[in-house]
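S.K.: Coordinates in query20.cif, mmCIF, C-alpha atoms, are listed below.
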data_target
#
loop_
_atom_site.label_atom_id
_atom_site.label_comp_id
_atom_site.auth_asym_id
_atom_site.auth_seq_id
_atom_site.Cartn_x
_atom_site.Cartn_y
_atom_site.Cartn_z
CA MET A 30 111.67 106.05 91.70
CA GLY A 31 114.41 106.44 94.30
CA SER A 32 114.61 110.21 93.72
CA MET A 33 110.84 110.53 94.10
CA ARG A 34 110.98 108.68 97.41
CA ARG A 35 113.76 110.99 98.61
CA VAL A 36 111.52 113.99 97.89
CA TRP A 37 108.85 112.64 100.24
CA GLN A 38 111.32 112.12 103.11
CA ASN A 39 111.03 115.80 104.11
CA TRP A 40 108.49 116.16 106.90
CA TRP A 41 106.72 119.09 105.24
CA MET A 42 106.29 117.04 102.04
CA GLN A 43 104.72 114.26 104.10
CA LEU A 44 102.34 116.85 105.55
CA VAL A 45 101.54 118.07 102.04
CA ALA A 46 100.97 114.47 100.92
CA GLY A 47 98.35 114.00 103.64
CA LEU A 48 96.60 117.20 102.60
CA LEU A 49 96.73 116.21 98.91
CA ILE A 50 95.28 112.76 99.61
CA THR A 51 92.36 114.38 101.43
CA ALA A 52 91.83 116.99 98.71
CA ILE A 53 91.82 114.40 95.91
CA ALA A 54 89.36 112.20 97.81
CA VAL A 55 86.75 114.98 98.01
CA LEU A 56 87.17 116.20 94.41
CA PRO A 57 83.96 114.51 93.17
CA TRP A 58 81.92 116.37 95.82
CA LEU A 59 83.68 119.62 94.97
CA TRP A 60 82.55 118.94 91.41
CA ILE A 61 79.00 118.13 92.53
CA GLY A 62 78.81 120.94 95.07
CA GLN A 63 77.35 124.35 94.63
CA GLU A 64 78.47 127.69 95.91
CA ASP A 65 78.14 128.13 99.68
CA ARG A 66 77.56 124.40 100.17
CA SER A 67 79.58 121.77 102.01
CA ILE A 68 82.42 120.11 100.10
CA LEU A 69 82.59 117.18 102.52
CA PRO A 70 79.48 114.94 102.29
CA HIS A 71 77.09 115.61 105.16
CA ALA A 72 75.79 112.74 107.29
CA SER A 73 72.22 114.00 107.02
CA ASP A 74 71.94 113.74 103.24
CA ASP A 75 74.95 111.73 101.97
CA ALA A 76 76.13 109.38 104.70
CA GLN A 77 77.38 106.86 102.13
CA GLY A 78 79.50 109.55 100.50
CA LEU A 79 81.02 110.39 103.88
CA LEU A 80 81.90 106.72 104.46
CA VAL A 81 83.46 106.52 100.98
CA VAL A 82 85.60 109.61 101.57
CA PHE A 83 87.00 108.24 104.84
CA SER A 84 87.70 104.78 103.37
CA VAL A 85 89.48 106.20 100.30
CA ILE A 86 91.62 108.58 102.37
CA THR A 87 92.56 105.79 104.79
CA LEU A 88 93.47 103.38 101.97
CA TRP A 89 95.57 105.85 100.00
CA GLY A 90 97.24 107.30 103.08
CA SER A 91 98.17 103.90 104.47
CA TRP A 92 99.53 102.59 101.17
CA PHE A 93 101.55 105.80 100.72
CA ALA A 94 103.07 105.52 104.20
CA ARG A 95 103.77 101.81 103.68
CA ARG A 96 105.31 101.95 100.20
CA VAL A 97 107.00 105.37 100.20
CA GLY A 98 107.69 105.70 103.92
CA TYR A 99 108.53 102.00 104.49
CA SER A 100 105.97 101.95 107.35
CA ARG A 101 108.16 104.17 109.50
CA THR A 102 106.28 105.54 112.50
CA GLY A 103 107.43 109.15 112.05
CA PHE A 104 106.50 109.16 108.38
CA ALA A 105 103.07 107.68 109.14
CA ILE A 106 102.37 110.20 111.91
CA VAL A 107 103.24 113.28 109.86
CA THR A 108 101.20 112.04 106.89
CA ALA A 109 98.29 111.34 109.26
CA VAL A 110 98.55 114.90 110.63
CA GLY A 111 98.16 116.23 107.08
CA MET A 112 95.13 114.01 106.48
CA VAL A 113 93.49 115.00 109.78
CA LEU A 114 94.13 118.72 109.20
CA GLY A 115 92.55 118.44 105.76
CA LEU A 116 89.51 116.62 107.16
CA LEU A 117 89.10 119.10 110.03
CA GLY A 118 89.27 121.99 107.59
CA LEU A 119 86.65 120.39 105.35
CA GLY A 120 84.51 119.57 108.38
CA PHE A 121 84.59 123.21 109.53
CA GLN A 122 83.77 124.44 106.01
CA GLY A 123 80.82 122.05 105.88
CA LEU A 124 79.45 123.22 109.21
CA GLN A 125 79.72 126.84 108.12
CA ALA A 126 77.86 126.01 104.89
CA PHE A 127 75.00 124.27 106.73
CA GLU A 128 74.98 126.46 109.84
CA PRO A 129 75.29 130.21 109.17
CA GLY A 130 75.03 130.83 112.92
CA LEU A 131 77.91 128.47 113.76
CA LEU A 132 80.15 131.22 115.19
CA ASP A 133 77.29 132.24 117.50
CA GLY A 134 77.08 128.69 118.85
CA GLU A 135 73.90 127.74 116.98
CA LEU A 136 73.79 124.13 115.78
CA SER A 137 70.83 122.15 114.46
CA PRO A 138 70.23 118.54 115.60
CA ALA A 139 71.29 117.36 112.11
CA SER A 140 74.67 119.10 112.44
CA ILE A 141 75.19 117.77 115.97
CA ARG A 142 74.56 114.25 114.66
CA HIS A 143 76.93 114.94 111.77
CA LEU A 144 79.64 115.97 114.25
CA TRP A 145 79.20 112.70 116.17
CA VAL A 146 79.39 110.67 112.96
CA PHE A 147 82.35 112.69 111.67
CA GLY A 148 84.26 112.33 114.95
CA GLY A 149 83.58 108.60 115.14
CA LEU A 150 84.69 108.02 111.56
CA LEU A 151 87.81 110.13 112.13
CA LEU A 152 88.83 108.01 115.13
CA VAL A 153 88.10 104.69 113.41
CA SER A 154 89.84 105.73 110.17
CA GLN A 155 92.99 106.76 112.04
CA ALA A 156 93.06 103.46 113.93
CA TRP A 157 92.60 101.58 110.65
CA TYR A 158 95.29 103.75 109.00
CA PHE A 159 97.97 102.96 111.59
CA LEU A 160 97.07 99.27 111.81
CA ALA A 161 97.17 98.87 108.01
CA THR A 162 100.47 100.79 107.87
CA LYS A 163 102.35 99.16 110.72
CA LEU A 164 101.18 95.53 110.67
CA ARG A 165 102.81 92.93 108.42
CA LEU A 166 101.14 92.85 105.02
CA PRO A 167 99.58 89.35 105.46
CA ILE A 168 97.65 90.77 108.46
CA ALA A 169 97.20 94.31 107.14
CA VAL A 170 95.46 92.92 104.03
CA LEU A 171 92.39 92.27 106.21
CA PHE A 172 92.15 96.00 106.92
CA TYR A 173 92.72 96.84 103.25
CA ALA A 174 89.87 94.46 102.35
CA THR A 175 87.49 96.70 104.32
CA LEU A 176 88.67 99.80 102.42
CA THR A 177 88.98 98.85 98.75
CA VAL A 178 85.21 98.92 98.23
CA GLY A 179 85.45 102.68 98.79
CA VAL A 180 87.50 103.01 95.59
CA SER A 181 84.75 101.24 93.63
CA TYR A 182 82.11 103.66 94.90
CA TRP A 183 84.45 106.65 94.42
CA LEU A 184 85.21 105.84 90.77
CA GLN A 185 81.54 105.19 90.05
CA ILE A 186 80.68 108.64 91.43
CA ILE A 187 83.26 110.19 89.10
CA ALA A 188 81.90 108.19 86.16
CA SER A 189 78.41 109.49 86.87
CA LEU A 190 79.73 113.05 86.55
CA VAL A 191 81.75 112.66 83.34
CA ALA A 192 79.87 112.80 80.06
CA GLY A 193 80.26 109.54 78.17
CA ALA A 194 81.80 107.67 81.11
CA GLN A 195 78.48 106.19 82.26
CA SER A 196 79.01 103.23 79.92
CA TYR A 197 81.98 102.18 82.11
CA TYR A 198 80.00 102.58 85.35
CA VAL A 199 79.44 98.86 85.92
CA TYR A 200 83.04 97.90 85.14
CA LEU A 201 84.45 100.46 87.59
CA TRP A 202 82.86 98.47 90.40
CA TYR A 203 85.60 95.88 89.89
CA SER A 204 88.38 98.40 90.62
CA GLY A 205 88.15 97.60 94.34
CA PRO A 206 88.49 93.82 93.81
CA LEU A 207 91.36 94.54 91.40
CA ILE A 208 93.24 96.55 94.03
CA LEU A 209 92.62 93.89 96.67
CA GLY A 210 93.90 91.27 94.21
CA LEU A 211 97.12 93.24 93.72
CA ILE A 212 97.64 93.45 97.48
CA LEU A 213 96.94 89.72 97.87
CA GLY A 214 99.47 89.11 95.10
CA PHE A 215 102.13 90.85 97.17
CA VAL A 216 101.09 88.76 100.18
CA GLY A 217 101.68 85.61 98.11
CA PHE A 218 100.39 82.07 98.53
CA SER A 219 103.55 80.18 99.44
CA ARG A 220 102.50 79.78 103.09
CA VAL A 221 99.34 78.27 104.54
CA MET A 222 98.86 81.33 106.77
CA ASN A 223 98.94 83.60 103.73
CA LEU A 224 96.32 81.49 101.96
CA LEU A 225 94.15 81.72 105.07
CA MET A 226 94.44 85.51 104.92
CA TRP A 227 93.34 85.34 101.27
CA VAL A 228 90.14 83.55 102.33
CA PHE A 229 89.40 86.01 105.14
CA ALA A 230 90.14 89.05 102.94
CA LEU A 231 87.88 87.80 100.13
CA ALA A 232 85.10 87.11 102.65
CA ILE A 233 85.43 90.64 104.02
CA GLN A 234 85.35 92.05 100.49
CA TRP A 235 82.09 90.20 99.81
CA MET A 236 80.41 91.68 102.92
CA MET A 237 81.68 95.27 102.68
CA PRO A 238 79.12 96.69 100.20
CA ALA A 239 76.35 95.54 102.55
CA VAL A 240 78.25 97.02 105.53
CA VAL A 241 78.67 100.42 103.83
CA GLU A 242 75.11 100.66 102.55
CA SER A 243 73.57 99.42 105.81
CA ALA A 244 75.68 101.85 107.88
CA ALA A 245 74.68 104.71 105.55
CA ARG A 246 70.98 103.89 105.94
CA VAL A 247 71.28 103.72 109.73
CA ILE A 248 73.10 107.08 109.90
CA GLY A 249 70.47 108.63 107.65
CA SER A 250 67.58 107.17 109.66
CA LYS A 251 68.60 109.12 112.79
CA THR A 252 68.16 106.15 115.13
CA THR A 253 70.04 106.34 118.43
CA GLY A 254 71.35 104.06 121.18
CA TRP A 255 71.02 100.29 120.95
CA LYS A 256 68.38 100.71 118.25
CA THR A 257 71.26 101.68 115.94
CA VAL A 258 72.88 98.25 116.34
CA GLY A 259 69.60 96.43 115.79
CA SER A 260 68.74 98.53 112.76
CA PHE A 261 72.19 97.99 111.25
CA TRP A 262 72.00 94.22 111.76
CA GLU A 263 68.54 94.08 110.21
CA GLN A 264 69.70 96.09 107.18
CA PHE A 265 72.90 94.07 106.84
CA THR A 266 71.33 90.60 107.01
CA GLY A 267 68.67 91.68 104.55
CA SER A 268 71.14 92.81 101.90
CA VAL A 269 74.37 90.79 102.27
CA LEU A 270 73.02 87.66 100.56
CA GLU A 271 71.77 89.72 97.60
CA ILE A 272 75.25 91.02 96.73
CA PRO A 273 76.69 89.48 93.53
CA TRP A 274 80.01 88.04 94.69
CA GLN A 275 81.16 85.72 91.88
CA THR A 276 82.68 88.28 89.48
CA PRO A 277 84.47 90.38 92.17
CA LEU A 278 85.86 87.14 93.62
CA LEU A 279 87.17 86.03 90.22
CA VAL A 280 88.70 89.45 89.54
CA SER A 281 90.52 89.44 92.90
CA LEU A 282 91.70 85.83 92.57
CA ALA A 283 92.90 86.21 88.97
CA THR A 284 94.76 89.44 89.79
CA ALA A 285 96.26 87.94 92.96
CA MET A 286 97.46 84.77 91.21
CA LEU A 287 98.91 86.67 88.25
CA THR A 288 100.70 89.17 90.52
CA SER A 289 102.08 86.40 92.74
CA VAL A 290 103.40 84.39 89.78
CA ILE A 291 105.04 87.48 88.23
CA LEU A 292 106.71 88.35 91.55
CA LEU A 293 107.96 84.77 91.96
CA ILE A 294 109.49 84.82 88.47
CA VAL A 295 111.11 88.21 89.08
CA ARG A 296 112.62 87.03 92.39
CA LYS A 297 114.04 83.87 90.80
CA VAL A 298 115.57 85.86 87.94
CA ARG A 299 117.18 88.27 90.41
CA ARG A 300 118.68 85.42 92.44
CA ARG A 301 120.35 84.03 89.33
#
Turn the structure described in the file into structure tokens.
M.R.:
Amino acid sequence: MGSMRRVWQNWWMQLVAGLLITAIAVLPWLWIGQEDRSILPHASDDAQGLLVVFSVITLWGSWFARRVGYSRTGFAIVTAVGMVLGLLGLGFQGLQAFEPGLLDGELSPASIRHLWVFGGLLLVSQAWYFLATKLRLPIAVLFYATLTVGVSYWLQIIASLVAGAQSYYVYLWYSGPLILGLILGFVGFSRVMNLLMWVFALAIQWMMPAVVESAARVIGSKTTGWKTVGSFWEQFTGSVLEIPWQTPLLVSLATAMLTSVILLIVRKVRRR
């Protein structure tokens, strides 16, 4: 493990890591895609896919910079550069696929809207990435709670593409709660503040599917201005109470408790 971490201490390997994270995140759409089509999901026809890609990249990139790079600023910046370069490259490829006259300055209203959505998500994801990487884990877990739902969607997309994997489709939804439970386990429950973060993180996890799906519908509906906020709120309030929350909550809590107990035992053994 130590030798692997030493490999990633070279700046060019950190850059490669950022590019690899981006490439792996879009693999399902590369699989789905056809020749001369966009690899990156387009806001006009797959806004939810675009949100999933950004959330998965942000989650993986932040955890990589935190665990392998020990949250060092330089490490996080170089990895982020790799991620941004990968996303910009995919964004340019997507525009070329949808807009043959791109180099002549011709852009359709759908592509202009996609650029606004893409740019906004890029800025928000980078802010989330650095906050989740640099903040103490008991605070950063709140940002991770907004991202783990992306893994659930991402794995379900892969399952829908693999023959015979559809039978596991429902169970893959709990991969996000499982990951959040592992992170909460590392946060621990020995302090009141940490337990409070558990409650907030689990509440965020419950709301995130409604947030993602409502945001995707609003982006696809082409509403603009303040109507966007009103439309999002209407969509969100109409769907958040319909989300089944009991099983994801149990998965996260069970994983968090088990991880915390194991870590406590390991620490006591090491002290002796």
S.K.: Nearest to A:Gly78 among A:Ser181, A:Gln43, A:Gln122, A:Gln155, with distances taken over only C-alpha atoms: which residue is it?
M.R.: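 The answer is A:Ser181, which sits nearest to A:Gly78.
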S.K.: Give the answer as one residue: which of A:Ser73, A:Thr266, A:Ala188, A:Glu128 has the shortest atom-to-atom distance to A:Thr252, using all atoms listed in the file?
M.R.: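 For A:Thr252, the nearest of the given residues is A:Ser73.
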S.K.: Just give me the gap between atom CA of A:Arg142 and atom CA of A:Thr253 in Å, one decimal is fine.
M.R.: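 Distance between the two atoms: 9.9 Å.
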S.K.: Measuring atom to atom with all atoms listed in the file, identify which of A:Met237, A:Ala76, A:Leu231, A:Ala192 is nearest to A:Ser281.
M.R.: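 Looking only at the distances to A:Ser281, the closest residue turns out to be A:Leu231.
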S.K.: Would you pick out the contacts of A:Arg101 at 9 Å or less, using all atoms listed in the file, so that residues sharing its chain but fewer than 5 positions from it are not included, and give the list as an MDAnalysis selection string?
M.R.: chainID A and resid 94:95 106 162:163
S.K.: Between A:Ala230, A:Ile187, A:Leu293, A:Ala105, which one has atoms that come closest to A:Trp40, using only C-alpha atoms?
M.R.: A:Ala105
S.K.: To verify the selection step, state as a list in words which residues the PyMOL selection byres ((chain A and resi 156) around 12) yields on this input.
M.R.: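 In the shown coordinates, the PyMOL selection byres ((chain A and resi 156) around 12) covers Phe83, Ser84, Thr87, Leu88, Ser91, Ala105, Ile106, Ala109, Gly149, Leu150, Leu151, Leu152, Val153, Ser154, Gln155, Trp157, Tyr158, Phe159, Leu160, Ala161, Thr162, Lys163, Leu164 and Phe172 of chain A.
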S.K.: Name the closest residue to A:Leu59 among the candidates A:Ile233, A:Ile186, A:Val247, A:Val280; distances are taken between atoms, counting only C-alpha atoms.
M.R.: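 Answer, going by the shortest atom-to-atom distance: A:Ile186.
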S.K.: Within 9 Å of (83.5, 94.5, 92.2) in the file's own coordinates, which protein, DNA or RNA residues have an atom, counting all atoms listed in the file? List them as a list in words.
M.R.: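 All residues meeting the 9 Å criterion around (83.5, 94.5, 92.2) are Val178, Ser181, Val199, Tyr200, Leu201, Trp202, Tyr203, Ser204, Gly205, Pro206, Leu207, Gln234, Trp235, Pro273, Trp274, Thr276, Pro277, Leu278, Val280 and Ser281 of chain A.
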S.K.: Take every atom of stretch 39-48 of chain A listed in the file, fit an axis-aligned box around them, add 5 Å per side, and give the centre and edge lengths in Å to one decimal as lines of an AutoDock Vina configuration file.
M.R.:
center_x = 103.8
center_y = 116.5
center_z = 103.9
size_x = 24.4
size_y = 15.1
size_z = 16.0
S.K.: Taking only C-alpha atoms into account, which of A:Ile272, A:Ala232, A:Leu79, A:Leu190 comes nearest A:Leu119?
M.R.: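 With only C-alpha atoms as the atom set, the closest residue is A:Leu79.
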